[in-house]
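Colleague: The structure that follows is given in the form of structure tokens.
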Amino acid sequence: MSTQYERPPESAADWTVPQDWARYTADEHAMWDRLFARQSAMLPGRVTPAFLEGLDVLRMTKPGIPDFDELSERLMKKTGWQVVAVPGLVPDDVFFDHLANRRFVAGRFIRTPDQIDYLQEPDVFHDVFGHVPLLAHPAFADYMQAYGQGGLRSLGFGALHKLARLYWYTVEFGLIRDGDDLKLYGAGIVSSYGESRFALEDASPNRIAFDLIRLMRTDYRIDDYQQSYFVIDSFEDLLRQTMETDFAPLYAALETMDDLAPDAILAEDRVLTRGTQAHAKVALSS
Ligand code: HBI
Ligand code: FE
């Protein structure tokens with residue numbers, strides 16, 4: 001879990017690098033525009049309205065890869081967050097320290113055409129299109145900072161593995177209730193053409209009401225669409241539940257409980273959709 005990465009010599013002690021916005025090529029900007037057009041055609045009606053508001057107030061609808069300094073200036077006024085560039089994945093403690101200080105670390109490179117639907121390391125489209133719009137939402141912005149602070153504390157408990165599930169099933173792959181509807185908000189979903197439809201509309205995955213302890217017991221998949229999505233009521237509710245929780249006793253309690261498979265359903269779950277898991281079965285047999 002606590003992978004050691006080599007800090008590139010050109011990066012600062014906190015792993016940041018200049019974005020070097022002027023160095024992007026026309027092809028790189030065109031790649032952003034292509035991804036942006038594809039996602040913004042599909043997201044209205046599917047994504048939480050807060051995401052679209054974020055795109056708008058941050059002026060992310062302008063063509064081309066956003067300039068992080070410009071983005072930070074707008075975000076700073078709204079919620080006090082900044083976007084800083086990093087060369088790739090950074091160590092957990094560095095990642096959490098940035099979040100705890102309201103700095104979102106973003107990859108500066110962009111995927112190539114042959115990687116359009118899948119790449120391993122987060123690029124600028126995933127990080128900036130996927131994550132940054134919601135940082136303009138006050139409760140979500142506070143949740144991300146609280147996550148960074150909790151992350152730093154979790155390292156002292158050797159509990160990062162459990163806390164990482166919270167990030168995964170909320171920040172990356174979360175769904176949110178909108179009246180009687182479900183909407184997308186997780187960055188891993190909203191930056192993915194395939195998963196944006198799958199997470200909401202496919203019969204395969206489970207959709208289960210958010211429950212902090214239950215979620216922190218649940219393993220996740222990094223190699224395919226999720227087998228279960230967890231649904232929050234609102235960003236305010238997510239923030240409140242995590243702020244009210246004392247994680248030290250929670251980690252101790254989790255040690256006594258079994259981990260759950262990504263497709264598990266428990267008798268006490270509030271299940272919104274019981275998935276067929278047809279997608280996971282096909283993927284497994286191929
Ligand atoms: N580094 N650049 C980057 N982006 C991440 O999302 C990230 C990271 N390092 C560690 C990390 N995430 C994990 O600690 C979290 O996903 C829990
Ligand atoms: Fe991400």
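Identifiers in the structure tokens: chain A, B, ... in order shown; residue index from 1 per chain; ligand index from 1 in order shown.
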Going by DSSP on the backbone, which residues of region 68-228 of chain A come out as alpha helix (DSSP H)? List them as a PyMOL selection string.

Modeller: chain A and resi 68-79+92-100+124+138-157+160-167+187-190+193-201+212-216

Colleague: Using C-alpha atoms, can you export the residues from the last selection as an mmCIF file, in the first residue's frame?

Modeller:
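Below is the file that was written, part.cif:
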```cif
data_model
loop_
_atom_site.group_PDB
_atom_site.id
_atom_site.type_symbol
_atom_site.label_atom_id
_atom_site.label_comp_id
_atom_site.auth_asym_id
_atom_site.auth_seq_id
_atom_site.Cartn_x
_atom_site.Cartn_y
_atom_site.Cartn_z
ATOM 1 C CA PHE A 68 -3.411 25.627 -13.045
ATOM 2 C CA ASP A 69 -2.527 29.168 -11.902
ATOM 3 C CA GLU A 70 -5.705 30.567 -13.431
ATOM 4 C CA LEU A 71 -7.754 27.694 -12.044
ATOM 5 C CA SER A 72 -6.231 28.160 -8.584
ATOM 6 C CA GLU A 73 -7.062 31.845 -8.579
ATOM 7 C CA ARG A 74 -10.761 31.140 -9.205
ATOM 8 C CA LEU A 75 -10.847 28.184 -6.819
ATOM 9 C CA MET A 76 -9.061 30.158 -4.095
ATOM 10 C CA LYS A 77 -11.786 32.807 -4.177
ATOM 11 C CA LYS A 78 -14.525 30.203 -4.007
ATOM 12 C CA THR A 79 -13.269 27.708 -1.388
ATOM 13 C CA ASP A 92 0.741 8.844 0.647
ATOM 14 C CA ASP A 93 2.079 11.225 3.300
ATOM 15 C CA VAL A 94 2.880 13.841 0.652
ATOM 16 C CA PHE A 95 -0.561 13.409 -0.928
ATOM 17 C CA PHE A 96 -2.360 13.796 2.410
ATOM 18 C CA ASP A 97 -0.264 16.785 3.445
ATOM 19 C CA HIS A 98 -1.272 18.625 0.280
ATOM 20 C CA LEU A 99 -4.968 17.849 0.808
ATOM 21 C CA ALA A 100 -4.791 18.863 4.468
ATOM 22 C CA VAL A 124 -4.494 15.939 -16.227
ATOM 23 C CA PRO A 138 -17.972 24.263 0.041
ATOM 24 C CA ALA A 139 -18.952 21.006 1.803
ATOM 25 C CA PHE A 140 -17.051 18.804 -0.630
ATOM 26 C CA ALA A 141 -14.028 21.112 -0.362
ATOM 27 C CA ASP A 142 -14.093 20.699 3.432
ATOM 28 C CA TYR A 143 -14.500 16.933 3.106
ATOM 29 C CA MET A 144 -11.371 16.683 0.945
ATOM 30 C CA GLN A 145 -9.350 18.638 3.484
ATOM 31 C CA ALA A 146 -10.707 16.497 6.342
ATOM 32 C CA TYR A 147 -9.725 13.419 4.331
ATOM 33 C CA GLY A 148 -6.143 14.691 4.082
ATOM 34 C CA GLN A 149 -6.017 15.345 7.823
ATOM 35 C CA GLY A 150 -7.508 11.912 8.542
ATOM 36 C CA GLY A 151 -5.052 10.375 6.104
ATOM 37 C CA LEU A 152 -2.066 11.797 7.972
ATOM 38 C CA ARG A 153 -3.478 10.410 11.253
ATOM 39 C CA SER A 154 -4.248 7.015 9.686
ATOM 40 C CA LEU A 155 -0.551 6.528 8.920
ATOM 41 C CA GLY A 156 0.100 6.476 12.673
ATOM 42 C CA PHE A 157 -2.490 3.703 13.119
ATOM 43 C CA LEU A 160 -4.273 3.647 5.517
ATOM 44 C CA HIS A 161 -5.562 0.547 3.776
ATOM 45 C CA LYS A 162 -9.006 0.990 5.385
ATOM 46 C CA LEU A 163 -9.136 4.752 4.912
ATOM 47 C CA ALA A 164 -8.139 4.445 1.247
ATOM 48 C CA ARG A 165 -11.435 2.592 0.710
ATOM 49 C CA LEU A 166 -13.296 5.687 1.857
ATOM 50 C CA TYR A 167 -11.519 7.787 -0.776
ATOM 51 C CA ALA A 187 -13.933 11.573 -10.321
ATOM 52 C CA GLY A 188 -13.075 8.087 -11.560
ATOM 53 C CA ILE A 189 -16.585 7.799 -12.961
ATOM 54 C CA VAL A 190 -17.108 11.278 -14.378
ATOM 55 C CA TYR A 193 -16.930 7.513 -20.800
ATOM 56 C CA GLY A 194 -17.748 3.860 -20.153
ATOM 57 C CA GLU A 195 -18.183 4.000 -16.398
ATOM 58 C CA SER A 196 -20.389 7.120 -16.502
ATOM 59 C CA ARG A 197 -23.109 5.007 -18.090
ATOM 60 C CA PHE A 198 -22.273 1.758 -16.320
ATOM 61 C CA ALA A 199 -22.374 3.186 -12.803
ATOM 62 C CA LEU A 200 -25.842 4.660 -13.240
ATOM 63 C CA GLU A 201 -27.609 2.553 -15.821
ATOM 64 C CA LEU A 212 -19.014 4.419 6.827
ATOM 65 C CA ILE A 213 -18.048 1.214 8.664
ATOM 66 C CA ARG A 214 -19.524 -1.079 6.034
ATOM 67 C CA LEU A 215 -17.732 0.775 3.269
ATOM 68 C CA MET A 216 -14.385 0.680 5.063
#
```

Colleague: Where does chain A meet ligand 2 within 8 Å, residue by residue, with the nearest atom pair and distance in Å to one decimal for each, counting only C-alpha atoms and all ligand atoms, listed by chain and rising number, as CSV?

Modeller:
```
residue,atom,partner,partner_atom_place_in_ligand_line,distance
A:Pro122,CA,ligand 2,1 (Fe),6.4
A:His126,CA,ligand 2,1 (Fe),6.3
A:Asp127,CA,ligand 2,1 (Fe),5.7
A:Gly130,CA,ligand 2,1 (Fe),7.1
A:His131,CA,ligand 2,1 (Fe),6.6
A:Val171,CA,ligand 2,1 (Fe),7.4
A:Glu172,CA,ligand 2,1 (Fe),5.6
A:Ala187,CA,ligand 2,1 (Fe),5.8
A:Gly188,CA,ligand 2,1 (Fe),5.8
```

Colleague: When you count only C-alpha atoms and all ligand atoms, which of these residues is closest to ligand 1: A:Ala26, A:Met31, A:Val84, A:Val105?

Modeller: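 That would be A:Val105, the residue with the smallest distance to ligand 1.
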
Colleague: Fewer than 3 positions away in the same chain doesn't count, so skip those; otherwise give me all residues within 12 Å of Thr61 (chain A), counting only C-alpha atoms, as a PyMOL selection string.

Modeller: chain A and resi 32-33+35-37+39-40+52-58+64-66+71+129+133

Colleague: Export N, CA and C atoms of the chosen residues as an mmCIF file, in the first residue's frame?

Modeller:
```cif
data_model
loop_
_atom_site.group_PDB
_atom_site.id
_atom_site.type_symbol
_atom_site.label_atom_id
_atom_site.label_comp_id
_atom_site.auth_asym_id
_atom_site.auth_seq_id
_atom_site.Cartn_x
_atom_site.Cartn_y
_atom_site.Cartn_z
ATOM 1 N N TRP A 32 -7.417 17.088 -24.867
ATOM 2 C CA TRP A 32 -8.294 17.580 -23.793
ATOM 3 C C TRP A 32 -9.670 17.926 -24.360
ATOM 4 N N ASP A 33 -9.684 18.679 -25.444
ATOM 5 C CA ASP A 33 -10.956 19.123 -26.029
ATOM 6 C C ASP A 33 -11.825 17.939 -26.454
ATOM 7 N N LEU A 35 -11.750 14.828 -25.165
ATOM 8 C CA LEU A 35 -12.262 14.186 -23.944
ATOM 9 C C LEU A 35 -13.350 15.050 -23.308
ATOM 10 N N PHE A 36 -13.092 16.355 -23.291
ATOM 11 C CA PHE A 36 -14.054 17.286 -22.682
ATOM 12 C C PHE A 36 -15.392 17.240 -23.417
ATOM 13 N N ALA A 37 -15.330 17.257 -24.750
ATOM 14 C CA ALA A 37 -16.566 17.255 -25.549
ATOM 15 C C ALA A 37 -17.351 15.965 -25.306
ATOM 16 N N GLN A 39 -17.287 13.932 -22.649
ATOM 17 C CA GLN A 39 -17.887 13.870 -21.310
ATOM 18 C C GLN A 39 -18.970 14.920 -21.135
ATOM 19 N N SER A 40 -18.770 16.126 -21.672
ATOM 20 C CA SER A 40 -19.788 17.136 -21.383
ATOM 21 C C SER A 40 -21.048 16.914 -22.201
ATOM 22 N N LEU A 52 -21.469 20.460 -12.539
ATOM 23 C CA LEU A 52 -21.633 21.354 -13.693
ATOM 24 C C LEU A 52 -21.459 22.817 -13.275
ATOM 25 N N GLU A 53 -21.932 23.143 -12.060
ATOM 26 C CA GLU A 53 -21.718 24.496 -11.536
ATOM 27 C C GLU A 53 -20.232 24.776 -11.371
ATOM 28 N N GLY A 54 -19.502 23.767 -10.888
ATOM 29 C CA GLY A 54 -18.051 23.909 -10.716
ATOM 30 C C GLY A 54 -17.355 24.166 -12.045
ATOM 31 N N LEU A 55 -17.709 23.394 -13.062
ATOM 32 C CA LEU A 55 -17.119 23.607 -14.402
ATOM 33 C C LEU A 55 -17.340 25.042 -14.851
ATOM 34 N N ASP A 56 -18.534 25.527 -14.551
ATOM 35 C CA ASP A 56 -18.928 26.850 -14.986
ATOM 36 C C ASP A 56 -18.206 27.964 -14.212
ATOM 37 N N VAL A 57 -18.249 27.907 -12.884
ATOM 38 C CA VAL A 57 -17.630 28.996 -12.107
ATOM 39 C C VAL A 57 -16.108 28.992 -12.268
ATOM 40 N N LEU A 58 -15.532 27.829 -12.540
ATOM 41 C CA LEU A 58 -14.083 27.776 -12.729
ATOM 42 C C LEU A 58 -13.695 28.040 -14.180
ATOM 43 N N GLY A 64 -9.025 23.786 -24.382
ATOM 44 C CA GLY A 64 -7.626 23.557 -24.027
ATOM 45 C C GLY A 64 -7.426 23.123 -22.592
ATOM 46 N N ILE A 65 -6.247 22.566 -22.322
ATOM 47 C CA ILE A 65 -5.880 22.131 -20.975
ATOM 48 C C ILE A 65 -5.846 23.365 -20.072
ATOM 49 N N PRO A 66 -6.539 23.333 -18.939
ATOM 50 C CA PRO A 66 -6.553 24.515 -18.072
ATOM 51 C C PRO A 66 -5.163 24.855 -17.529
ATOM 52 N N LEU A 71 -6.771 28.527 -12.726
ATOM 53 C CA LEU A 71 -7.754 27.694 -12.044
ATOM 54 C C LEU A 71 -7.675 27.915 -10.530
ATOM 55 N N PHE A 129 -10.364 17.554 -14.796
ATOM 56 C CA PHE A 129 -11.788 17.467 -15.157
ATOM 57 C C PHE A 129 -12.548 16.677 -14.088
ATOM 58 N N PRO A 133 -13.783 20.305 -10.375
ATOM 59 C CA PRO A 133 -15.058 21.029 -10.296
ATOM 60 C C PRO A 133 -15.724 20.964 -8.915
#
```
